[in-house]
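This report concerns only the one structure given below.
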Amino acid sequence: MTHTLTTPRLRLRKLQPADAPRMQALCGNLNVSRMLEVVPHPYPDGLAEEWIATRPTAWRDGTLYTFAIEFADEFIGVIGIERQDSGDHAIGYWLGEPWWGQGLMSEAVACAIDFARDELGLEKLVSAYFADNAASGRIQEKYGFRVTGRGRLPSLARGQDVDGVYTVLQLGNTTESAVAP
Ligand SMILES: CC(C)(COP(=O)(O)OP(=O)(O)OC[C@H]1O[C@@H](n2cnc3c(N)ncnc32)[C@H](O)[C@@H]1OP(=O)(O)O)[C@@H](O)C(=O)NCCC(=O)NCCS
């Protein structure tokens with residue numbers, strides 16, 4: 001299975017230890033972390049290094065397929081697909097604020113959807129976003145995610161639960177994952 005994917009403007013590749021300082025800087029921005037469930041604010045030293053170090057094992061175990069997003073040879077964000085305890089696979093993503101509003105995450109999400117369907121052989125992807133995250137909701141709407149429910153979701157950065165929206169995208173595969181866990 002390939003670890004490198006390309007879109008018209010982006011390269012999706014494996015995370016590397018050298019990405020850690022930049023990840024800390026970009027996710028240290030509250031405008032980014034407040035839209036994510038498990039990223040604390042302030043972003044502690046060492047967290048990015050620790051998180052990146054667990055990626056290869058998670059990929060091999062089939063629990064988490066994480067890609068660094070590169071634009072013009074710069075690391076600008078992350079997109080990943082995680083197998084949840086329920087057996088569903090959830091897609092999550094973030095982009096550094098300087099690159100918002102150019103359609104870049106739309107490109108990355110389209111690519112990750114293709115990867116989920118064609119390489120992982122998944123039948124569906126689930127996701128969730130905070131109700132005040134219109135940009136993420138719009139991306140998912142564009143690619144056909146359907147709202148399945150609403151509820152409170154934790155936000156570590158905000159230090160409280162926040163109204164959230166649960167979604168699902170049917171991928172149309174009839175066989176379960178082609179990748180051995
Ligand atoms: C959400 C996020 C990934 C969007 O990335 P992006 O590259 O700016 O998104 P895109 O430009 O590809 O697409 C955003 C879409 O939302 C729309 N949008 C943006 N802000 C909006 C708003 N306030 N209200 C309604 N629509 C909005 C854009 O017009 C665009 O839709 P379009 O293609 O129909 O024009 C980015 O802002 C981010 O990383 N935020 C912090 C982390 C995060 O929210 N992660 C997702 C958690 S679920």
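By order of appearance in the structure tokens: chains A, B, ..., then residues from 1 within every chain, and ligands from 1 in the order shown.
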Give me the range 28-141 of chain A side of the contact with range 161-174 of chain A, cut-off 8 Å, one line per residue showing its nearest atom pair and distance in Å at one decimal, counting only C-alpha atoms, sorted by chain and residue number, as CSV.
residue,atom,partner,partner_atom,distance
A:Arg117,CA,A:Leu171,CA,6.1
A:Gly121,CA,A:Asn173,CA,6.4
A:Leu122,CA,A:Asn173,CA,6.2
A:Glu123,CA,A:Asn173,CA,4.6
A:Lys124,CA,A:Gln170,CA,4.4
A:Leu125,CA,A:Leu169,CA,5.1
A:Val126,CA,A:Val168,CA,4.3
A:Ser127,CA,A:Thr167,CA,5.1
A:Ala128,CA,A:Tyr166,CA,4.4
A:Tyr129,CA,A:Val165,CA,5.4
A:Phe130,CA,A:Gly164,CA,4.1
A:Ala131,CA,A:Gly164,CA,4.9
A:Asp132,CA,A:Asp163,CA,7.9
Would you mind exporting the chosen residues as a JSON list (two decimals), in the first residue's frame, restricted to N, CA and C atoms?
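File written: selection-v4.json
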[["chain", "number", "residue", "atom", "x", "y", "z"],
["A", 117, "ARG", "N", -11.43, 4.15, -0.07],
["A", 117, "ARG", "CA", -12.23, 3.24, -0.89],
["A", 117, "ARG", "C", -11.34, 2.28, -1.67],
["A", 121, "GLY", "N", -10.29, -0.39, 0.95],
["A", 121, "GLY", "CA", -11.47, -1.20, 0.65],
["A", 121, "GLY", "C", -12.63, -0.97, 1.60],
["A", 122, "LEU", "N", -12.70, 0.24, 2.16],
["A", 122, "LEU", "CA", -13.76, 0.51, 3.13],
["A", 122, "LEU", "C", -15.11, 0.75, 2.46],
["A", 123, "GLU", "N", -16.15, 0.41, 3.19],
["A", 123, "GLU", "CA", -17.52, 0.64, 2.70],
["A", 123, "GLU", "C", -18.02, 2.02, 3.08],
["A", 124, "LYS", "N", -17.48, 2.55, 4.18],
["A", 124, "LYS", "CA", -17.95, 3.87, 4.61],
["A", 124, "LYS", "C", -16.89, 4.56, 5.46],
["A", 125, "LEU", "N", -17.01, 5.86, 5.55],
["A", 125, "LEU", "CA", -16.19, 6.66, 6.46],
["A", 125, "LEU", "C", -17.14, 7.41, 7.37],
["A", 126, "VAL", "N", -16.78, 7.54, 8.62],
["A", 126, "VAL", "CA", -17.56, 8.39, 9.51],
["A", 126, "VAL", "C", -16.71, 9.61, 9.87],
["A", 127, "SER", "N", -17.36, 10.64, 10.39],
["A", 127, "SER", "CA", -16.63, 11.81, 10.86],
["A", 127, "SER", "C", -17.51, 12.58, 11.84],
["A", 128, "ALA", "N", -16.92, 13.63, 12.37],
["A", 128, "ALA", "CA", -17.67, 14.52, 13.25],
["A", 128, "ALA", "C", -16.99, 15.87, 13.21],
["A", 129, "TYR", "N", -17.79, 16.91, 13.32],
["A", 129, "TYR", "CA", -17.21, 18.26, 13.41],
["A", 129, "TYR", "C", -18.04, 19.08, 14.38],
["A", 130, "PHE", "N", -17.40, 20.09, 14.94],
["A", 130, "PHE", "CA", -18.13, 20.96, 15.85],
["A", 130, "PHE", "C", -19.14, 21.80, 15.05],
["A", 131, "ALA", "N", -20.28, 22.06, 15.68],
["A", 131, "ALA", "CA", -21.35, 22.76, 14.97],
["A", 131, "ALA", "C", -20.91, 24.15, 14.51],
["A", 132, "ASP", "N", -19.91, 24.72, 15.17],
["A", 132, "ASP", "CA", -19.45, 26.06, 14.75],
["A", 132, "ASP", "C", -18.31, 25.98, 13.72]]
Protein and nucleic residues near ligand 1, 7 Å, only C-alpha atoms and all ligand atoms, as number ranges by chain: A: 31-33, 35-36, 92-97, 99-107, 128-130, 133-136, 138-139, 142
Preceding selection exported with N, CA and C atoms as a tab-separated table (two decimals), in the first residue's frame:
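Saved result, part28.tsv, follows:
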chain	number	residue	atom	x	y	z
A	31	ASN	N	-6.91	28.80	16.92
A	31	ASN	CA	-7.91	28.74	15.83
A	31	ASN	C	-7.94	27.36	15.18
A	32	VAL	N	-6.82	26.66	15.25
A	32	VAL	CA	-6.77	25.28	14.75
A	32	VAL	C	-7.23	24.31	15.84
A	33	SER	N	-6.59	24.36	17.00
A	33	SER	CA	-6.84	23.33	18.03
A	33	SER	C	-8.26	23.39	18.58
A	35	MET	N	-10.89	23.55	17.04
A	35	MET	CA	-11.80	22.78	16.18
A	35	MET	C	-11.51	21.28	16.22
A	36	LEU	N	-10.54	20.88	17.06
A	36	LEU	CA	-10.16	19.47	17.16
A	36	LEU	C	-10.52	18.95	18.56
A	92	GLY	N	-10.22	12.45	9.87
A	92	GLY	CA	-9.98	13.71	10.58
A	92	GLY	C	-8.88	14.48	9.89
A	93	TYR	N	-8.83	15.79	10.09
A	93	TYR	CA	-7.87	16.61	9.35
A	93	TYR	C	-7.72	17.97	9.99
A	94	TRP	N	-6.55	18.57	9.75
A	94	TRP	CA	-6.37	19.99	10.10
A	94	TRP	C	-5.34	20.59	9.15
A	95	LEU	N	-5.46	21.89	8.99
A	95	LEU	CA	-4.56	22.65	8.10
A	95	LEU	C	-4.10	23.90	8.86
A	96	GLY	N	-2.83	24.25	8.71
A	96	GLY	CA	-2.34	25.47	9.32
A	96	GLY	C	-3.10	26.69	8.78
A	97	GLU	N	-3.37	27.64	9.67
A	97	GLU	CA	-4.26	28.76	9.30
A	97	GLU	C	-3.79	29.56	8.08
A	99	TRP	N	-2.92	28.72	5.35
A	99	TRP	CA	-3.30	28.09	4.07
A	99	TRP	C	-4.80	27.86	3.95
A	100	TRP	N	-5.58	28.38	4.87
A	100	TRP	CA	-7.03	28.21	4.79
A	100	TRP	C	-7.59	28.99	3.59
A	101	GLY	N	-8.73	28.52	3.12
A	101	GLY	CA	-9.51	29.29	2.15
A	101	GLY	C	-9.04	29.20	0.71
A	102	GLN	N	-8.20	28.20	0.40
A	102	GLN	CA	-7.72	28.04	-0.98
A	102	GLN	C	-8.16	26.70	-1.57
A	103	GLY	N	-9.07	26.03	-0.90
A	103	GLY	CA	-9.53	24.74	-1.40
A	103	GLY	C	-8.56	23.59	-1.17
A	104	LEU	N	-7.54	23.83	-0.35
A	104	LEU	CA	-6.51	22.80	-0.19
A	104	LEU	C	-7.04	21.58	0.58
A	105	MET	N	-7.81	21.82	1.66
A	105	MET	CA	-8.29	20.65	2.40
A	105	MET	C	-9.34	19.89	1.60
A	106	SER	N	-10.08	20.59	0.77
A	106	SER	CA	-11.02	19.88	-0.10
A	106	SER	C	-10.26	18.88	-0.97
A	107	GLU	N	-9.11	19.31	-1.49
A	107	GLU	CA	-8.29	18.41	-2.31
A	107	GLU	C	-7.79	17.23	-1.51
A	128	ALA	N	-16.92	13.63	12.37
A	128	ALA	CA	-17.67	14.52	13.25
A	128	ALA	C	-16.99	15.87	13.21
A	129	TYR	N	-17.79	16.91	13.32
A	129	TYR	CA	-17.21	18.26	13.41
A	129	TYR	C	-18.04	19.08	14.38
A	130	PHE	N	-17.40	20.09	14.94
A	130	PHE	CA	-18.13	20.96	15.85
A	130	PHE	C	-19.14	21.80	15.05
A	133	ASN	N	-18.10	24.80	13.14
A	133	ASN	CA	-17.04	24.64	12.13
A	133	ASN	C	-17.68	24.52	10.74
A	134	ALA	N	-18.13	25.65	10.22
A	134	ALA	CA	-18.85	25.65	8.94
A	134	ALA	C	-17.97	25.19	7.79
A	135	ALA	N	-16.68	25.51	7.84
A	135	ALA	CA	-15.79	25.13	6.73
A	135	ALA	C	-15.67	23.61	6.64
A	136	SER	N	-15.51	22.96	7.78
A	136	SER	CA	-15.40	21.50	7.76
A	136	SER	C	-16.73	20.87	7.33
A	138	ARG	N	-18.88	22.15	5.37
A	138	ARG	CA	-19.03	22.39	3.93
A	138	ARG	C	-18.21	21.38	3.11
A	139	ILE	N	-16.98	21.14	3.55
A	139	ILE	CA	-16.15	20.17	2.83
A	139	ILE	C	-16.85	18.82	2.81
A	142	LYS	N	-19.81	18.72	0.51
A	142	LYS	CA	-19.44	18.66	-0.92
A	142	LYS	C	-19.15	17.25	-1.38
Neighbour list for Ile69 in chain A as a list in words, cut-off 8 Å, only C-alpha atoms, skip fewer than 6 positions in-chain: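 Selected residues are Leu10, Arg11, Leu12, Arg13, Phe75, Ile76, Gly77, Val78, Ile79 and Ala108 of chain A.
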Distance criterion (only C-alpha atoms): nearest to Phe71 in chain A out of A:Arg152, A:Arg9, A:Lys14, A:His3: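 Of A:Arg152, A:Arg9, A:Lys14, A:His3, the one nearest Phe71 in chain A is A:Arg9, counting only C-alpha atoms.
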Interatomic distance, CA of Thr6 in chain A to CA of Glu50 in chain A (Å, one decimal):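 About the pair CA of Thr6 in chain A and CA of Glu50 in chain A: they are 26.4 Å apart.
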Gap from CA of Glu141 in chain A to CA of Asp114 in chain A - Å, one decimal: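 Rounded to one decimal, the two atoms are 16.1 Å apart.
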Which of range 47-100 of chain A fall in strand (DSSP E or B), as a PyMOL selection string: chain A and resi 64-71+74-83+89-95
Members of chain A assigned alpha helix (DSSP H) by DSSP, as a VMD selection string: chain A and resid 20 to 27 30 to 33 47 to 53 55 to 61 104 to 114 134 to 142
Nearby residues (only C-alpha atoms) at most 9 Å from Val39 in chain A, same-chain spacing under 5 positions excluded, as a PyMOL selection string: chain A and resi 27-28+33-34+155-157
Proximity to Pro21 in chain A - best of A:Gln140, A:Trp51, A:Thr148, A:Glu37, only C-alpha atoms: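 Nearest to Pro21 in chain A: A:Trp51.
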Close residues, Arg83 in chain A itself excluded, 10 Å, only C-alpha atoms, min 3 positions apart in chain, as number ranges by chain: A: 58, 61-65, 86-91, 125-126, 181
Could those residues be written to a file, using N, CA and C atoms, as a compact mmCIF listing (two decimals), in the first residue's frame?
# COMPACT_ATOMS: atom_id res chain seq x y z
N ALA A 58 0.96 2.34 14.31
CA ALA A 58 -0.49 2.43 14.09
C ALA A 58 -0.83 2.09 12.65
N ASP A 61 -0.49 -1.65 12.26
CA ASP A 61 -1.61 -2.33 12.95
C ASP A 61 -2.94 -2.11 12.24
N GLY A 62 -2.99 -1.18 11.32
CA GLY A 62 -4.24 -0.89 10.63
C GLY A 62 -5.20 -0.08 11.49
N THR A 63 -4.67 0.60 12.50
CA THR A 63 -5.56 1.40 13.35
C THR A 63 -5.61 2.86 12.93
N LEU A 64 -4.56 3.32 12.26
CA LEU A 64 -4.52 4.75 11.92
C LEU A 64 -3.62 4.98 10.72
N TYR A 65 -4.20 5.54 9.68
CA TYR A 65 -3.45 5.87 8.47
C TYR A 65 -3.32 7.39 8.42
N SER A 86 -15.57 0.71 17.47
CA SER A 86 -16.81 0.20 16.86
C SER A 86 -16.55 -0.54 15.55
N GLY A 87 -15.33 -0.37 15.00
CA GLY A 87 -15.01 -0.96 13.69
C GLY A 87 -15.17 0.04 12.57
N ASP A 88 -15.87 1.14 12.84
CA ASP A 88 -15.98 2.20 11.83
C ASP A 88 -14.61 2.88 11.64
N HIS A 89 -14.44 3.51 10.50
CA HIS A 89 -13.22 4.28 10.23
C HIS A 89 -13.59 5.76 10.15
N ALA A 90 -12.90 6.56 10.94
CA ALA A 90 -13.20 7.99 11.01
C ALA A 90 -12.11 8.79 10.31
N ILE A 91 -12.53 9.80 9.55
CA ILE A 91 -11.57 10.69 8.90
C ILE A 91 -11.46 11.98 9.72
N LEU A 125 -17.01 5.86 5.55
CA LEU A 125 -16.19 6.66 6.46
C LEU A 125 -17.14 7.41 7.37
N VAL A 126 -16.78 7.54 8.62
CA VAL A 126 -17.56 8.39 9.51
C VAL A 126 -16.71 9.61 9.87
N PRO A 181 -5.34 -6.26 9.22
CA PRO A 181 -5.05 -5.42 10.38
C PRO A 181 -3.74 -5.79 11.05
